[in-house]
file final.cif (mmCIF, C-alpha atoms)
data_upload
#
loop_
_atom_site.label_atom_id
_atom_site.label_comp_id
_atom_site.auth_asym_id
_atom_site.auth_seq_id
_atom_site.Cartn_x
_atom_site.Cartn_y
_atom_site.Cartn_z
CA MET A 1 35.54 33.69 7.58
CA PRO A 2 37.85 36.57 8.70
CA ALA A 3 40.59 37.88 6.43
CA SER A 4 43.28 36.60 8.80
CA ALA A 5 42.22 33.06 7.95
CA LEU A 6 42.95 33.72 4.30
CA ASP A 7 46.44 34.99 5.15
CA VAL A 8 47.20 31.78 7.03
CA LEU A 9 45.94 29.64 4.16
CA LEU A 10 48.01 31.51 1.58
CA SER A 11 51.14 30.84 3.61
CA ARG A 12 50.53 27.09 3.41
CA LYS A 13 50.26 24.66 0.60
CA VAL A 14 46.51 24.14 0.22
CA LYS A 15 44.39 22.79 -2.60
CA TYR A 16 41.42 24.53 -4.13
CA PRO A 17 38.54 24.59 -3.72
CA LEU A 18 39.00 25.17 -0.02
CA THR A 19 37.14 22.78 2.29
CA PHE A 20 37.11 22.75 6.09
CA MET A 21 36.17 20.46 8.94
CA ILE A 22 34.02 22.27 11.48
CA THR A 23 33.55 20.82 14.98
CA ASN A 24 31.37 21.50 17.99
CA PRO A 25 33.98 20.81 20.72
CA PHE A 26 31.37 20.38 23.45
CA LEU A 27 29.31 17.68 21.68
CA GLU A 28 32.05 16.43 19.34
CA LYS A 29 29.76 16.82 16.36
CA VAL A 30 31.57 17.18 13.05
CA SER A 31 30.62 18.43 9.61
CA HIS A 32 32.38 19.88 6.57
CA CYS A 33 31.93 23.07 4.62
CA GLY A 34 33.44 25.43 2.08
CA VAL A 35 33.94 29.17 2.36
CA LEU A 36 31.95 31.87 0.63
CA GLU A 37 34.21 34.85 1.34
CA PHE A 38 36.74 36.21 3.84
CA SER A 39 34.92 39.26 5.13
CA ALA A 40 33.79 38.36 8.65
CA GLU A 41 34.94 40.15 11.77
CA GLU A 42 38.09 38.85 13.42
CA GLY A 43 37.43 35.94 15.71
CA SER A 44 34.07 35.05 14.19
CA VAL A 45 32.59 33.02 11.35
CA PHE A 46 29.12 32.94 9.85
CA LEU A 47 27.30 29.65 9.25
CA PRO A 48 23.93 28.92 7.64
CA ASP A 49 21.09 27.98 9.99
CA TRP A 50 20.87 24.39 8.78
CA MET A 51 24.58 23.83 9.52
CA MET A 52 24.25 25.27 13.01
CA ARG A 53 21.34 22.88 13.65
CA ASN A 54 23.42 19.93 12.41
CA LEU A 55 26.17 20.83 14.89
CA SER A 56 23.74 21.85 17.67
CA LEU A 57 25.39 25.26 17.81
CA GLU A 58 24.00 28.43 19.34
CA GLN A 59 24.84 31.97 18.29
CA GLY A 60 28.16 33.10 19.73
CA GLN A 61 29.25 29.58 20.67
CA LEU A 62 32.87 28.49 20.21
CA VAL A 63 33.69 26.26 17.21
CA GLU A 64 36.83 24.71 15.78
CA ILE A 65 37.60 25.06 12.06
CA GLU A 66 40.42 23.17 10.34
CA TYR A 67 41.40 23.04 6.68
CA THR A 68 41.13 19.57 5.17
CA GLY A 69 41.28 18.07 1.71
CA LEU A 70 38.36 15.88 0.62
CA SER A 71 38.01 13.24 -2.09
CA LYS A 72 35.61 13.86 -4.92
CA GLY A 73 32.26 12.23 -4.33
CA ARG A 74 31.23 9.35 -6.57
CA PHE A 75 27.95 8.35 -4.89
CA LEU A 76 25.34 9.96 -2.65
CA LYS A 77 22.15 8.59 -1.15
CA VAL A 78 19.76 11.24 0.12
CA GLN A 79 16.46 11.06 2.01
CA PRO A 80 13.90 13.89 1.79
CA HIS A 81 11.98 14.70 4.96
CA SER A 82 8.75 15.27 3.05
CA SER A 83 7.10 13.23 0.30
CA GLU A 84 6.17 16.52 -1.36
CA PHE A 85 9.72 16.81 -2.68
CA VAL A 86 9.11 13.70 -4.81
CA LYS A 87 5.41 14.25 -5.56
CA ASN A 88 5.51 17.95 -6.46
CA LEU A 89 8.53 17.82 -8.74
CA GLU A 90 8.34 16.41 -12.24
CA ASN A 91 11.95 15.17 -12.09
CA PRO A 92 13.20 15.32 -8.47
CA LYS A 93 16.54 13.69 -9.29
CA GLU A 94 17.40 16.30 -11.90
CA VAL A 95 16.34 19.11 -9.54
CA MET A 96 18.41 17.65 -6.70
CA GLU A 97 21.51 17.31 -8.88
CA ARG A 98 21.19 20.98 -9.82
CA LEU A 99 20.68 22.11 -6.21
CA LEU A 100 23.72 20.17 -4.99
CA ARG A 101 25.95 22.40 -7.09
CA ASP A 102 25.53 25.04 -4.39
CA PHE A 103 27.34 22.81 -1.87
CA ALA A 104 31.12 22.50 -1.73
CA CYS A 105 31.01 19.26 0.25
CA LEU A 106 28.69 16.98 2.20
CA THR A 107 29.04 14.66 5.18
CA ILE A 108 27.05 11.57 6.17
CA GLY A 109 24.57 12.58 8.87
CA ASP A 110 24.12 16.14 7.57
CA THR A 111 20.63 17.55 7.07
CA ILE A 112 20.77 20.17 4.33
CA MET A 113 18.11 22.66 3.33
CA VAL A 114 17.43 23.32 -0.37
CA ASN A 115 15.15 25.96 -1.84
CA HIS A 116 13.18 25.28 -5.01
CA GLU A 117 10.46 27.61 -6.32
CA ASN A 118 10.26 29.42 -2.96
CA GLN A 119 9.71 26.14 -1.15
CA GLU A 120 12.19 24.87 1.45
CA TYR A 121 12.99 21.16 1.57
CA TYR A 122 15.13 19.36 4.12
CA ILE A 123 17.28 16.48 2.92
CA ASP A 124 19.30 13.95 4.96
CA ILE A 125 22.64 12.66 3.66
CA VAL A 126 22.37 8.90 4.22
CA GLU A 127 25.37 7.50 2.34
CA ALA A 128 28.47 8.88 0.63
CA MET A 129 31.36 7.34 -1.30
CA PRO A 130 34.31 6.94 -1.31
CA LYS A 131 34.41 8.42 2.23
CA ASP A 132 32.01 9.74 4.86
CA ALA A 133 32.75 13.31 3.71
CA VAL A 134 33.13 14.14 0.01
CA SER A 135 33.78 17.15 -2.19
CA LEU A 136 31.15 18.03 -4.82
CA PHE A 137 33.36 20.34 -6.86
CA GLU A 138 33.58 19.34 -10.55
CA THR A 139 32.58 15.73 -10.00
CA ASP A 140 30.09 13.40 -11.64
CA CYS A 141 28.34 12.01 -8.57
CA GLU A 142 25.70 9.28 -8.79
CA LEU A 143 22.57 10.19 -6.85
CA GLU A 144 20.07 7.83 -5.24
CA PHE A 145 16.90 8.55 -3.24
CA GLU A 146 15.77 6.83 -0.05
CA LYS A 147 12.05 6.77 0.83
CA PRO A 148 10.96 10.07 2.45
CA LEU A 149 10.79 10.16 6.24
CA ASP A 150 7.02 10.70 6.22
CA TYR A 151 6.37 7.87 3.75
CA HIS A 152 3.88 5.26 4.96
CA GLU A 153 2.94 2.16 3.03
CA GLU A 154 -0.76 1.52 2.70
CA PRO A 155 -1.85 -1.57 4.62
CA GLN A 156 -2.56 -4.54 2.40
CA VAL A 157 -5.99 -6.13 2.68
CA ILE A 158 -5.66 -9.90 2.78
CA GLU A 159 -8.81 -11.90 2.28
CA THR A 160 -9.07 -15.01 4.41
CA ARG A 161 -11.53 -17.82 3.91
CA ASP A 162 -13.45 -19.29 6.81
CA GLU A 163 -13.40 -23.01 6.07
CA GLN A 164 -15.95 -23.74 8.78
CA ALA A 165 -18.34 -21.14 7.33
CA ASP A 166 -17.91 -22.63 3.84
CA GLN A 167 -18.67 -26.08 5.22
CA ASP A 168 -21.81 -24.80 6.98
CA VAL A 169 -23.04 -23.26 3.73
CA MET A 170 -22.49 -26.55 1.87
CA GLU A 171 -24.40 -28.50 4.54
CA ALA A 172 -27.26 -26.00 4.37
CA GLU A 173 -27.43 -26.38 0.59
CA LYS A 174 -27.67 -30.15 0.96
CA ASP A 175 -30.66 -29.78 3.30
CA VAL A 176 -32.58 -27.78 0.72
CA VAL A 177 -34.72 -30.33 -1.17
CA PHE A 178 -37.11 -29.47 -3.94
CA ARG A 179 -40.71 -30.06 -2.82
CA PRO A 180 -43.25 -29.86 -5.66
CA PHE A 181 -46.70 -28.42 -4.95
CA SER A 182 -45.64 -27.28 -1.49
CA GLY A 183 -47.71 -24.09 -1.60
CA VAL A 184 -51.18 -23.46 -0.20
CA SER A 185 -54.52 -23.55 -2.00
CA ARG A 186 -56.86 -20.57 -2.02
CA ARG A 187 -60.55 -20.21 -2.72
CA LEU A 188 -62.01 -17.71 -5.15
CA ASP A 189 -62.57 -15.33 -2.24
CA GLY A 190 -58.79 -15.41 -1.46
CA LYS A 191 -58.96 -17.35 1.79
CA VAL A 192 -56.41 -20.04 2.51
CA THR A 193 -58.00 -23.48 2.66
CA ALA A 194 -55.31 -26.05 3.32
CA ALA A 195 -51.69 -26.77 2.56
CA ALA A 196 -50.90 -29.25 -0.17
CA PRO A 197 -49.60 -32.55 1.08
CA ASP A 198 -45.89 -33.13 1.50
CA SER A 199 -44.57 -34.95 -1.56
CA LYS A 200 -42.49 -37.23 0.63
CA LYS A 201 -45.10 -38.07 3.26
CA HIS A 202 -48.08 -38.62 0.95
CA VAL A 203 -46.67 -40.51 -1.99
CA GLY A 204 -49.53 -42.50 -3.56
CA THR A 205 -52.22 -40.42 -1.77
CA SER A 206 -54.75 -38.23 -3.54
CA VAL A 207 -56.42 -35.13 -2.09
CA VAL A 208 -60.11 -34.38 -2.60
CA CYS A 209 -61.36 -30.86 -1.90
CA GLY A 210 -65.02 -29.86 -1.82
CA LEU A 211 -66.64 -26.57 -2.78
CA ASP A 212 -66.66 -25.55 0.87
CA GLY A 213 -62.85 -25.57 0.90
CA GLU A 214 -62.50 -28.70 3.03
CA CYS A 215 -59.94 -31.16 1.78
CA SER A 216 -59.42 -34.76 2.70
CA ALA A 217 -56.79 -37.28 1.71
CA ALA A 218 -57.96 -40.47 0.06
CA LYS A 219 -55.63 -43.37 0.11
CA LYS A 220 -55.21 -45.20 -3.14
CA LYS A 221 -56.42 -48.81 -3.02
CA PRO A 222 -53.59 -51.24 -3.53
CA GLU A 223 -53.74 -53.06 -6.88
CA THR A 224 -54.46 -56.82 -6.59
CA LYS A 225 -53.37 -59.68 -8.77
CA GLU A 226 -56.90 -60.01 -10.17
CA ASP A 227 -56.86 -56.34 -11.17
CA LYS A 228 -53.67 -56.87 -13.05
CA GLU A 229 -55.15 -59.90 -14.85
CA GLU A 230 -58.22 -57.92 -15.91
CA LYS A 231 -56.03 -55.24 -17.45
CA LYS A 232 -54.47 -57.84 -19.72
CA PHE A 233 -55.73 -58.01 -23.30
CA GLN A 234 -58.68 -60.41 -23.75
CA ALA A 235 -59.66 -61.47 -27.24
CA PHE A 236 -63.31 -61.42 -28.46
CA THR A 237 -64.62 -59.70 -25.39
CA GLY A 238 -66.68 -57.07 -27.24
CA LYS A 239 -70.42 -57.12 -27.98
CA LYS A 240 -71.79 -59.23 -30.82
CA TYR A 241 -74.51 -58.21 -33.23
CA SER A 242 -76.56 -60.22 -35.79
CA LEU A 243 -77.49 -59.03 -39.26
CA LEU A 244 -81.18 -58.95 -38.29
CA SER A 245 -80.76 -56.55 -35.35
#

call {"tool": "encode", "arguments": {"input": "final.cif", "output": "structure tokens"}}
result
Amino acid sequence: MPASALDVLLSRKVKYPLTFMITNPFLEKVSHCGVLEFSAEEGSVFLPDWMMRNLSLEQGQLVEIEYTGLSKGRFLKVQPHSSEFVKNLENPKEVMERLLRDFACLTIGDTIMVNHENQEYYIDIVEAMPKDAVSLFETDCELEFEKPLDYHEEPQVIETRDEQADQDVMEAEKDVVFRPFSGVSRRLDGKVTAAAPDSKKHVGTSVVCGLDGECSAAKKKPETKEDKEEKKFQAFTGKKYSLLS
């Protein structure tokens, strides 16, 4: 700021550190700042690039600057633009707390630029307490991070069961019935002769195959009542022999 600004401030009762409200009168955008030194040319002030972007100011444009006292900040919520600020730093909260010491005050809606290890990071001021604009001079301010602007959650894969498909599989398993000896017979020369009979269709039927590979089914003769009687035990039905024979 110019030296004349310092003369005006000294003639008034102001509190240190000095903080100011800076306004773009054409867009009515407002932010707050401190002062580095009073060495600018009369009628001009110098602002950092990130502050000019916040206020949508162009070089040489008219601005309004007014001294204002600010309450000490007790809470800040910030949102990095890039996930690299969180991923690349071992302790981003500790780094951020140290970088904020370079700022006299902050306002909700500001986008500040911080430099760490020759890397520039842009940070949005999302929340501030106790007011929308707070002083950061000699204050113990609680810091909280919002998810970075470029953060994207990975889509969750949800497995769904097709009840109709499960039912079709169960029905197919029911249709599978064990069929013994359902293969084919082969001769010694490897040729297929005939398929073995179906165990369901030929129950009680025997198969006779000749040396020529031809097979025929022979039906088993039903057992009669007389056959059952003959199978019963009959006493003294063996051969008899005399001592002279």

call {"tool": "atom_distance", "arguments": {"input": "final.cif", "atom1": "atom CA of A:Leu149", "atom2": "atom CA of A:Lys77"}}
result
13.6 Å

call {"tool": "closest_residue", "arguments": {"input": "final.cif", "among": "A:Gly34, A:Pro17, A:Gly43, A:Gly69", "to": "A:Ser4", "atoms": "all atoms listed in the file"}}
result
A:Gly43

call {"tool": "closest_residue", "arguments": {"input": "final.cif", "among": "A:Leu47, A:Val95, A:Leu55, A:Leu76", "to": "A:Thr111", "atoms": "all atoms listed in the file"}}
result
A:Leu55

call {"tool": "closest_residue", "arguments": {"input": "final.cif", "among": "A:Glu120, A:Asp132, A:Glu127, A:Asp102", "to": "A:Ser31", "atoms": "all atoms listed in the file"}}
result
A:Asp132

call {"tool": "closest_residue", "arguments": {"input": "final.cif", "among": "A:Leu57, A:Met1, A:Val8, A:Met113", "to": "A:Glu28", "atoms": "only C-alpha atoms"}}
result
A:Leu57

call {"tool": "atom_distance", "arguments": {"input": "final.cif", "atom1": "atom CA of A:Met96", "atom2": "atom CA of A:Thr23"}}
result
26.6 Å

call {"tool": "residues_near_point", "arguments": {"input": "final.cif", "point": "(14.8, 8.7, -0.4)", "cutoff": "6 Å", "atoms": "all atoms listed in the file", "output": "PyMOL selection string"}}
result
chain A and resi 78-80+145-148

call {"tool": "resolve_selection", "arguments": {"input": "final.cif", "expression": "the PyMOL selection byres ((chain A and resi 37) around 9)", "output": "tab-separated table (two decimals) with C-alpha atoms, keeping the file's coordinate frame"}}
result
chain	number	residue	atom	x	y	z
A	1	MET	CA	35.54	33.69	7.58
A	2	PRO	CA	37.85	36.57	8.70
A	3	ALA	CA	40.59	37.88	6.43
A	35	VAL	CA	33.94	29.17	2.36
A	36	LEU	CA	31.95	31.87	0.63
A	38	PHE	CA	36.74	36.21	3.84
A	39	SER	CA	34.92	39.26	5.13
A	40	ALA	CA	33.79	38.36	8.65

call {"tool": "residues_around", "arguments": {"input": "final.cif", "residues": "A:Gln119", "least_positions_apart": "5", "cutoff": "12 Å", "atoms": "all atoms listed in the file", "output": "list in words"}}
result
Ser82, Glu84, Phe85, Asn88, Leu89, Met113 and Val114 of chain A

call {"tool": "atom_distance", "arguments": {"input": "final.cif", "atom1": "atom CA of A:Arg12", "atom2": "atom CA of A:Val45"}}
result
20.5 Å

call {"tool": "closest_residue", "arguments": {"input": "final.cif", "among": "A:Asn118, A:Ser135, A:Asn24, A:Thr19", "to": "A:Tyr67", "atoms": "all atoms listed in the file"}}
result
A:Thr19

call {"tool": "closest_residue", "arguments": {"input": "final.cif", "among": "A:Glu90, A:Asp150, A:Cys105, A:Met21", "to": "A:Glu64", "atoms": "all atoms listed in the file"}}
result
A:Met21

call {"tool": "residues_around", "arguments": {"input": "final.cif", "residues": "A:Ile22", "least_positions_apart": "3", "cutoff": "8 Å", "atoms": "only C-alpha atoms", "output": "PyMOL selection string"}}
result
chain A and resi 30-33+63-66

call {"tool": "residues_around", "arguments": {"input": "final.cif", "residues": "A:Lys72", "least_positions_apart": "2", "cutoff": "8 Å", "atoms": "all atoms listed in the file", "output": "list in words"}}
result
Leu70, Arg74, Pro130, Val134, Ser135, Leu136, Phe137 and Thr139 of chain A
